[in-house]
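Asks: I'd like to ask you about the structure that follows.
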Amino acid sequence: MHASFVRSPYSHAKILKINISEALKLDGVEAVLTGEDVIKWSEPFVVGVKQPMEHWCLGVKKVRYVGEPVAIVIARDRYIAEDATELVNVEYDLLPPVMNIESSIKSNAPILHEKVKSNIVSERNFNYGNVEKAFSLANNIVEIDVEYPRNSCTPIECFNVISEYSDENKSYNVLSNFQGPMALHPVMAMALKIPGNKLRLRAPQNSGGSFGVKQAVFYYIVSISLASKKVGRPVKWVEDRLEHLIAATSATGRKSKISAAITKDGLLLGLKIIQYDDCGAYLRAPEPASLYRMHGNLSGAYSVKNISLKNYVVLTNKTPSGLNRGFGGPQLYFGLERLMHKISKVLNKPHLQIIKTNLLPQNSFPYKTPSGGILDSGNYQKAIQKAEKDGGLEELEKRRRGKRKVGKLYGIGFAAVVEPSISNMGYISTVLSHEERLKAGPKNGAYACATVSIDPLGSISVTIDSLPQGQGHQTVVQQLVASVFSIDPKNITVSSDLDTHKDGWSIAAGNYSSRFGGAVAGTVYLAAQKLFLKLKTIAAKNMNINVEDVIFQNDLVFSKNNPDNKITFSRLAGSSHWSPDTIPDAMAPPLRETLYWTMPQHKAPNEKDEINSSGSYGFIFDYCGVEIDQNTGKVIIDKYVTTHDAGTLLHPEIVNGQIQGAFAQAVGASLYEEFKYADNGEFLSGTFADYLVPTANEIPEACILHISTPSPFTPLGSKGVGEGNSMSTPVCIANAISDAIEQDKITLPMTPPKLWGLISKKEDLPKNLNLEITDEKKKISVELYQNYTNKKFWKYIKNKLRNIV
Amino acid sequence: MKPPYLSYVSPKTLDEAAFLLDQDCENSKILAGGQSLVTMLNMRLIHPKILVDIKNIKALNSINATDEGLLIGASVTQQELLEYKELSIVSPLLYKALPWVGHYQTRTKGTICGSIAHADPSSEIPLCFALLNGKIKLKSLKSTREVRADEFQTGMLSTACKSNEIIESVFFPHLDSKVGIAFNEFSFRKGDFSLLSVAVIYRENSITVGITGMTDKPDITVFPILSDDKIEDALNDLAWNLKGIGDHIASARYKRDLLRKIGKLTIGEAKKCQKF
């Protein structure tokens, strides 16, 4: 059966009545699932903060964002389901919406969740070092207020769920393009009121992009599972683009204020940070992780010792927020790096000089940050030096001088950021107080799991838990394992699908926090090594030579001293299947190795609220030159240089693809993309004609440079690299714009009209010279056009066409 | 995003199409390239009962350059016209305007006549049609008539085409080869609906300026030959005259400024390529 959702057209309303009788009369309609079923068969999702909020898998009694599902029509095909959706009649009682952080935190604001009594659902204060003292010693205090918009990386393939309820076993069998983290599996099982082993979740080998977004499909896995229970048959739902844009998920919007205590040279003595996160209508797991993922690297690439932090989690009548490439990074660094730029303006010193003054010194790694992060390795000075030289900074500065001389608006921006990867699953508990954490029990670590097995013909199969959605994990693993055994990569297959009933996994499994390079590939390597050493031992025994004399090369195994004493790799590898006799006594057969790996540096947050929120930390230094088109206000990226230290590079081509991809999406965030709402709650970005994703025409090619300081904490020395430019690029472009137009208040996305508003002079008044030759043929219906605004566009067309048809 | 239930017919001749349309014209829609219609169907913004597909009518797939102008059949796609080998000579305006229409992929489906029929207020082809004051041929079961451009588009998404009529062809008259022609537009991304499009014909004694994006249909204004200062004044008055409407994407002020800047740029380009 096929499902179609009935969704709320209102941002905040009570549900008075849902009338499904007309829909049920339509031939082919099987049933309609509503809040009544949901209350009967499920529980609200657990939330990360201790608050009496109820987030059900359908809007129950109330709706809190445009697009919130209130019912599911289940029918013979999707066409009929959509026909019936139009026949479900929902009566609403409208409530005033809260559409931004400012209005949400006002004392008289309409409340989203009445039982909480406030729209601020979490408030935490942190103090590291002695901030007040730092501020009293400062020569200067520089402050900046910034906002980061809500947007999304919009994967090309939307959400998919097929769920089959078994009445016999009271279990659900689900196939979905879910990306993890698998920590959401228990969240789903609890919502469905079943033990974990009654929810069999399978994710396919391939999926069309995710960028974090497909984490949010978990919300629909529960409702489609209930739909299957309702009809007693498998139910399929394929999300369409309209549904995706309006209601899938969004990056968290943030408003922050940062103050810096500085010396006259611009050295940071202390930072005061206040952050408000706009998590939308519900705090959906794993939120408020956006606020805490960066906790360990709060001070970025800088050696400031004294930090105070106030974190607020705020709800508004918008789509619930969730994972999105960069997750917390774009928001944090937008404030921090805009601040560094402002300090340079206040002190009238070059921006890069302020960055260099504050960088962590070389040889200070592993470095423990004030908030508890352990920055594993790096050489920030070397990376910047390389960027300056190989990227041509001097040339770019000359270009700026030349452009400015002829009256052009041209600016250069910089950003230096630390890119965390391999999330410590315990960081989210930093939102709780130490006492609350003691009660709840410690949370930490991040197990990666990999299996390497050998079949009777000696070919190798690898299973990984990283649920890739187009990043080429399979290719990297294939090459990695081939190099361990010195065999042709063609003899290795990699399975990246996941079946919770058959595969190895932990709550940390999935495609997020750039964990592949550091954790998953490393785990594969360790498992393959284990198998390799066993094969080597068997070879030594059977070839009657010492273990250290066994050579693996080009699908052959032979003796170092006598190359004629040899055996093919496939024969050796298949031997455990065919002749267990050849295996040395007491050795477990080298058929299959499953290995779990986590890092000892992943501790739970301690009593001082210190948390090493990630496992490894790369470094990025970006700079760019932008020119502003003085006819239109359009920002033209003239040159973009991005320098990365991601430790050991496992596959340079894929690394560069990741960098260019994150850069492209960051150009979108910087100049084009935003989920916009009107003050009355109306959603304004419901199609790709309104939500503008840049195309190849709009995205320049970035100049990508690398240095490498391998991580001492990951098996291969590699670090995550997939999200860095999502964090560095938006603020780098914003700094360049700020430099070009010499203004402080830069908000994203910087669309041409917005920028024009900042640089345009007073408008000329009409002179009414009547210069036209004649206008008798000109029948302009300006009045008609008054009705034409984009937000009303489709409504207008609809009425218009109804009249015509 | 599935369309409501409907019937689909694919006639082989224009007469057959006119006959089929006449059966229930109030509940039928003509389908050509489908670049707007199919989207609206999938979004359930319209609920026709019958789609009459004219793509398979061979007679409508022709481009003819006559002594007077260019005659384009109803199923000719935008890309087919753009690739018509002598387009830059036969119709320099369309040659300059067509690359701004959507993307290569949409142009290979979307038709010239379909764009004129849809009458989106920011479209390029209706602007060219209005600027050249072309003619359109409308066919119904019992009759055929021609309508001039200044009487065809009556407003936003509305035209003089009746529900029982099919656009058979559109005619764009030739211009004197000495005139200067320029076309520009501004959108956030390449291929988007424009915020403002400007097309200019620079003649010996006049400058004709066509604009979309400010009003519900293409606006055509004729100026005498003016000095650069006066052109600025003229465009400033025109901007105030048309006003523009602000929305969540761009303010009215911004659109007026675009008209001033892009208008001046485009008139300058047209002036450069006139040969009087």
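By convention in this document, the chains of the structure tokens carry letters A, B, ... by their order, each chain's residues are numbered from 1, and ligands are numbered from 1 in the order they are shown.
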Could you list, as a PyMOL selection string, every residue within 9 Å of Asn511 in chain A, counting only C-alpha atoms and ignoring same-chain residues fewer than 2 positions away?
Replies: chain A and resi 179-181+210-212+215+465-469+509+513-516
Asks: Would you mind listing what lies within 8 Å of range 614-621 of chain A as JSON, numbers by chain, with only C-alpha atoms counted and same-chain residues fewer than 2 positions away left out?
Replies: {"A": [293, 296, 301, 373, 374, 375, 376, 377, 378, 380, 383, 384, 387, 414, 415, 416, 417, 418, 419, 420, 421, 422, 423, 424, 518, 599, 601, 602, 612, 623, 642, 643, 644, 645, 646, 647, 711, 713, 714, 719, 720, 721, 724, 725, 728]}
Asks: Taking the DSSP secondary structure from the backbone, can you list the residues of range 183-226 of chain A that are strand (DSSP E or B), as number ranges by chain?
Replies: A: 199-203
Asks: Write out as a PyMOL selection string each polymer residue whose atoms come within 10 Å of Ile507 in chain A, counting only C-alpha atoms; drop sequence neighbours fewer than 4 positions from it.
Replies: chain A and resi 180-186+425+445-448
Asks: When you get a sec, could you note down which chain B residues fall within 7 Å of chain A, using only C-alpha atoms, as a short mmCIF file (atom, residue, chain, number, x, y, z; two decimals) with C-alpha atoms, in the first residue's frame?
Replies:
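iface.cif written:
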```
data_model
loop_
_atom_site.label_atom_id
_atom_site.label_comp_id
_atom_site.auth_asym_id
_atom_site.auth_seq_id
_atom_site.Cartn_x
_atom_site.Cartn_y
_atom_site.Cartn_z
CA MET B 1 3.32 15.38 -6.35
CA LYS B 2 1.13 13.15 -8.48
CA PRO B 4 -5.05 14.09 -10.48
CA GLU B 26 -13.51 24.01 -20.65
CA ASN B 27 -11.96 20.91 -19.08
CA LEU B 45 -2.77 23.61 -8.99
CA ILE B 46 -4.96 22.74 -11.97
CA PRO B 48 -8.07 19.46 -16.24
CA ARG B 189 21.08 32.19 -10.82
CA LYS B 190 21.56 31.56 -14.50
CA THR B 215 4.32 44.77 -14.52
CA ASP B 216 1.89 41.95 -15.28
CA ASP B 219 5.96 46.82 -21.06
CA ILE B 220 7.00 48.58 -24.27
CA THR B 221 8.11 52.21 -24.32
CA VAL B 222 9.42 54.23 -27.26
CA PHE B 223 11.89 57.05 -26.72
CA PRO B 224 13.41 59.44 -29.23
CA ALA B 234 14.04 58.72 -19.07
CA ASN B 236 14.33 56.98 -13.94
CA ASP B 237 10.90 58.27 -14.94
CA TRP B 240 8.79 55.39 -11.19
CA ILE B 245 6.32 45.61 -6.38
CA ASP B 247 8.18 41.00 -2.08
CA ALA B 250 13.43 41.95 -3.62
CA TYR B 254 15.63 47.31 -5.86
CA LEU B 258 17.77 47.29 -11.67
CA LYS B 261 21.17 50.18 -14.29
#
```
Asks: Would you mind listing what lies within 10 Å of range 66-83 of chain B as a PyMOL selection string, with only C-alpha atoms counted and same-chain residues fewer than 6 positions away left out?
Replies: chain B and resi 31-33+53-60+90-91+94-99+101-115+125+134-137+166-175
Asks: Tell me, in Å to one decimal, how far CA of Gly686 in chain A is from CA of Leu26 in chain A.
Replies: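 Interatomic distance here is 28.4 Å.
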Asks: Using only C-alpha atoms, determine which residues lie at most 8 Å from Ile492 in chain A, disregarding the query and same-chain residues fewer than 2 positions distant; provide the list as a PyMOL selection string.
Replies: chain A and resi 459-462+478+481-482+488-490+494
Asks: Would you mind listing what lies within 8 Å of Ile464 in chain A as a ChimeraX atom specification, with only C-alpha atoms counted and same-chain residues fewer than 6 positions away left out?
Replies: /A:449-451,494-497,520,524
Asks: Using only C-alpha atoms, which protein or nucleic acid residues come within 12 Å of Ser122 in chain B? Drop anything in the same chain fewer than 4 positions from it, and give the result as an mmCIF file with N, CA and C atoms, in the first residue's frame.
Replies:
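Saved result, out.cif, follows:
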```cif
data_model
loop_
_atom_site.group_PDB
_atom_site.id
_atom_site.type_symbol
_atom_site.label_atom_id
_atom_site.label_comp_id
_atom_site.auth_asym_id
_atom_site.auth_seq_id
_atom_site.Cartn_x
_atom_site.Cartn_y
_atom_site.Cartn_z
ATOM 1 N N TYR A 785 -0.963 44.065 -11.327
ATOM 2 C CA TYR A 785 0.344 43.606 -10.895
ATOM 3 C C TYR A 785 0.567 43.805 -9.405
ATOM 4 N N TYR A 788 0.636 40.842 -7.520
ATOM 5 C CA TYR A 788 1.654 39.851 -7.828
ATOM 6 C C TYR A 788 2.834 39.949 -6.882
ATOM 7 N N ASN A 790 5.597 37.179 -4.990
ATOM 8 C CA ASN A 790 5.968 35.774 -5.140
ATOM 9 C C ASN A 790 5.269 34.859 -4.149
ATOM 10 N N TRP B 100 18.768 33.035 -22.603
ATOM 11 C CA TRP B 100 18.348 33.383 -21.235
ATOM 12 C C TRP B 100 17.144 32.552 -20.783
ATOM 13 N N VAL B 101 16.534 31.824 -21.718
ATOM 14 C CA VAL B 101 15.311 31.082 -21.384
ATOM 15 C C VAL B 101 15.682 29.770 -20.688
ATOM 16 N N GLY B 102 15.410 29.657 -19.415
ATOM 17 C CA GLY B 102 15.637 28.414 -18.666
ATOM 18 C C GLY B 102 17.037 27.870 -18.878
ATOM 19 N N SER B 115 5.438 29.095 -24.388
ATOM 20 C CA SER B 115 5.854 30.171 -23.516
ATOM 21 C C SER B 115 4.957 31.406 -23.699
ATOM 22 N N ILE B 116 4.593 31.663 -24.961
ATOM 23 C CA ILE B 116 3.704 32.807 -25.229
ATOM 24 C C ILE B 116 2.300 32.523 -24.684
ATOM 25 N N HIS B 118 1.550 30.569 -22.141
ATOM 26 C CA HIS B 118 1.561 30.567 -20.677
ATOM 27 C C HIS B 118 1.549 31.995 -20.134
ATOM 28 N N PRO B 126 7.630 36.040 -24.549
ATOM 29 C CA PRO B 126 6.545 37.029 -24.683
ATOM 30 C C PRO B 126 7.071 38.463 -24.795
ATOM 31 N N LEU B 127 8.209 38.742 -24.169
ATOM 32 C CA LEU B 127 8.809 40.079 -24.283
ATOM 33 C C LEU B 127 9.236 40.348 -25.732
ATOM 34 N N CYS B 128 9.894 39.371 -26.335
ATOM 35 C CA CYS B 128 10.323 39.537 -27.732
ATOM 36 C C CYS B 128 9.112 39.682 -28.646
ATOM 37 N N GLY B 155 -2.716 40.044 -19.591
ATOM 38 C CA GLY B 155 -2.292 40.242 -18.204
ATOM 39 C C GLY B 155 -1.412 39.093 -17.793
ATOM 40 N N MET B 156 -1.250 38.959 -16.473
ATOM 41 C CA MET B 156 -0.405 37.882 -16.002
ATOM 42 C C MET B 156 -1.086 36.541 -16.247
ATOM 43 N N LEU B 157 -0.429 35.657 -16.946
ATOM 44 C CA LEU B 157 -0.934 34.314 -17.233
ATOM 45 C C LEU B 157 -2.280 34.329 -17.939
ATOM 46 N N GLU B 185 19.264 40.426 -18.855
ATOM 47 C CA GLU B 185 18.351 40.238 -17.732
ATOM 48 C C GLU B 185 19.134 39.937 -16.475
ATOM 49 N N PHE B 186 18.450 40.054 -15.341
ATOM 50 C CA PHE B 186 19.108 39.732 -14.077
ATOM 51 C C PHE B 186 18.265 38.751 -13.289
ATOM 52 N N SER B 187 18.948 37.672 -12.882
ATOM 53 C CA SER B 187 18.311 36.729 -11.950
ATOM 54 C C SER B 187 19.416 36.286 -10.999
ATOM 55 N N GLY B 191 19.487 31.073 -15.659
ATOM 56 C CA GLY B 191 18.364 30.227 -16.051
ATOM 57 C C GLY B 191 17.111 30.396 -15.214
ATOM 58 N N ASP B 192 17.173 31.160 -14.133
ATOM 59 C CA ASP B 192 15.974 31.396 -13.321
ATOM 60 C C ASP B 192 15.008 32.337 -14.037
ATOM 61 N N PHE B 193 13.763 32.366 -13.531
ATOM 62 C CA PHE B 193 12.865 33.452 -13.926
ATOM 63 C C PHE B 193 13.568 34.749 -13.545
ATOM 64 N N SER B 194 13.527 35.708 -14.436
ATOM 65 C CA SER B 194 14.316 36.911 -14.175
ATOM 66 C C SER B 194 13.610 37.838 -13.200
ATOM 67 N N LEU B 195 14.400 38.618 -12.478
ATOM 68 C CA LEU B 195 13.825 39.711 -11.695
ATOM 69 C C LEU B 195 13.479 40.859 -12.629
ATOM 70 N N LEU B 196 14.322 41.014 -13.653
ATOM 71 C CA LEU B 196 14.087 42.065 -14.642
ATOM 72 C C LEU B 196 14.749 41.662 -15.950
ATOM 73 N N SER B 197 14.008 41.813 -17.058
ATOM 74 C CA SER B 197 14.607 41.615 -18.381
ATOM 75 C C SER B 197 14.422 42.895 -19.178
ATOM 76 N N VAL B 198 15.430 43.242 -19.951
ATOM 77 C CA VAL B 198 15.350 44.435 -20.789
ATOM 78 C C VAL B 198 15.758 44.055 -22.211
ATOM 79 N N GLY B 210 11.785 47.318 -24.147
ATOM 80 C CA GLY B 210 10.826 46.356 -23.617
ATOM 81 C C GLY B 210 11.295 45.859 -22.261
ATOM 82 N N ILE B 211 10.356 45.789 -21.317
ATOM 83 C CA ILE B 211 10.746 45.395 -19.959
ATOM 84 C C ILE B 211 9.780 44.369 -19.390
ATOM 85 N N THR B 212 10.317 43.334 -18.770
ATOM 86 C CA THR B 212 9.461 42.452 -17.966
ATOM 87 C C THR B 212 9.990 42.439 -16.548
ATOM 88 N N GLY B 213 9.117 42.108 -15.614
ATOM 89 C CA GLY B 213 9.514 42.025 -14.210
ATOM 90 C C GLY B 213 8.948 43.150 -13.379
ATOM 91 N N MET B 214 8.413 44.178 -14.043
ATOM 92 C CA MET B 214 7.862 45.313 -13.295
ATOM 93 C C MET B 214 6.334 45.301 -13.312
ATOM 94 N N THR B 215 5.771 44.730 -14.354
ATOM 95 C CA THR B 215 4.318 44.768 -14.521
ATOM 96 C C THR B 215 3.806 43.382 -14.882
ATOM 97 N N ASP B 216 2.492 43.275 -15.087
ATOM 98 C CA ASP B 216 1.892 41.955 -15.279
ATOM 99 C C ASP B 216 2.123 41.393 -16.664
ATOM 100 N N LYS B 217 2.654 42.220 -17.566
ATOM 101 C CA LYS B 217 2.972 41.735 -18.919
ATOM 102 C C LYS B 217 4.078 42.621 -19.464
ATOM 103 N N PRO B 218 4.694 42.244 -20.575
ATOM 104 C CA PRO B 218 5.791 43.044 -21.085
ATOM 105 C C PRO B 218 5.362 44.500 -21.292
ATOM 106 N N ASP B 219 6.235 45.396 -20.882
ATOM 107 C CA ASP B 219 5.965 46.819 -21.055
ATOM 108 C C ASP B 219 6.843 47.354 -22.174
#
```
Asks: Do you have the CA of Asp27 in chain A-CA of Ile74 in chain A distance handy?
Replies: 11.7 Å
Asks: For a quick check of understanding, using only C-alpha atoms, which of A:Val121, A:Ser11, A:Lys115, A:Val46 has the smallest distance to Pro69 in chain A?
Replies: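 Under the stated criterion, the closest residue is A:Ser11.
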Asks: Of the candidates A:Gly28, A:Pro44, A:Gly232, A:Gly280, which one gets nearest to Leu112 in chain A if we count only C-alpha atoms?
Replies: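 Looking only at the distances to Leu112 in chain A, the closest residue turns out to be A:Gly280.
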Asks: Name the residues of range 14-259 of chain B that come out as alpha helix (DSSP H) in a backbone DSSP run; write them as a ChimeraX atom specification.
Replies: /B:14-23,37-42,78-82,87-90,92-97,104-107,112-118,124-131,149-152,228-242,252-259
Asks: Just to confirm, what's the straight-line distance from CA of Asn169 in chain A to CA of Leu199 in chain A in Å (one decimal)?
Replies: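 About the pair CA of Asn169 in chain A and CA of Leu199 in chain A: they are 10.6 Å apart.
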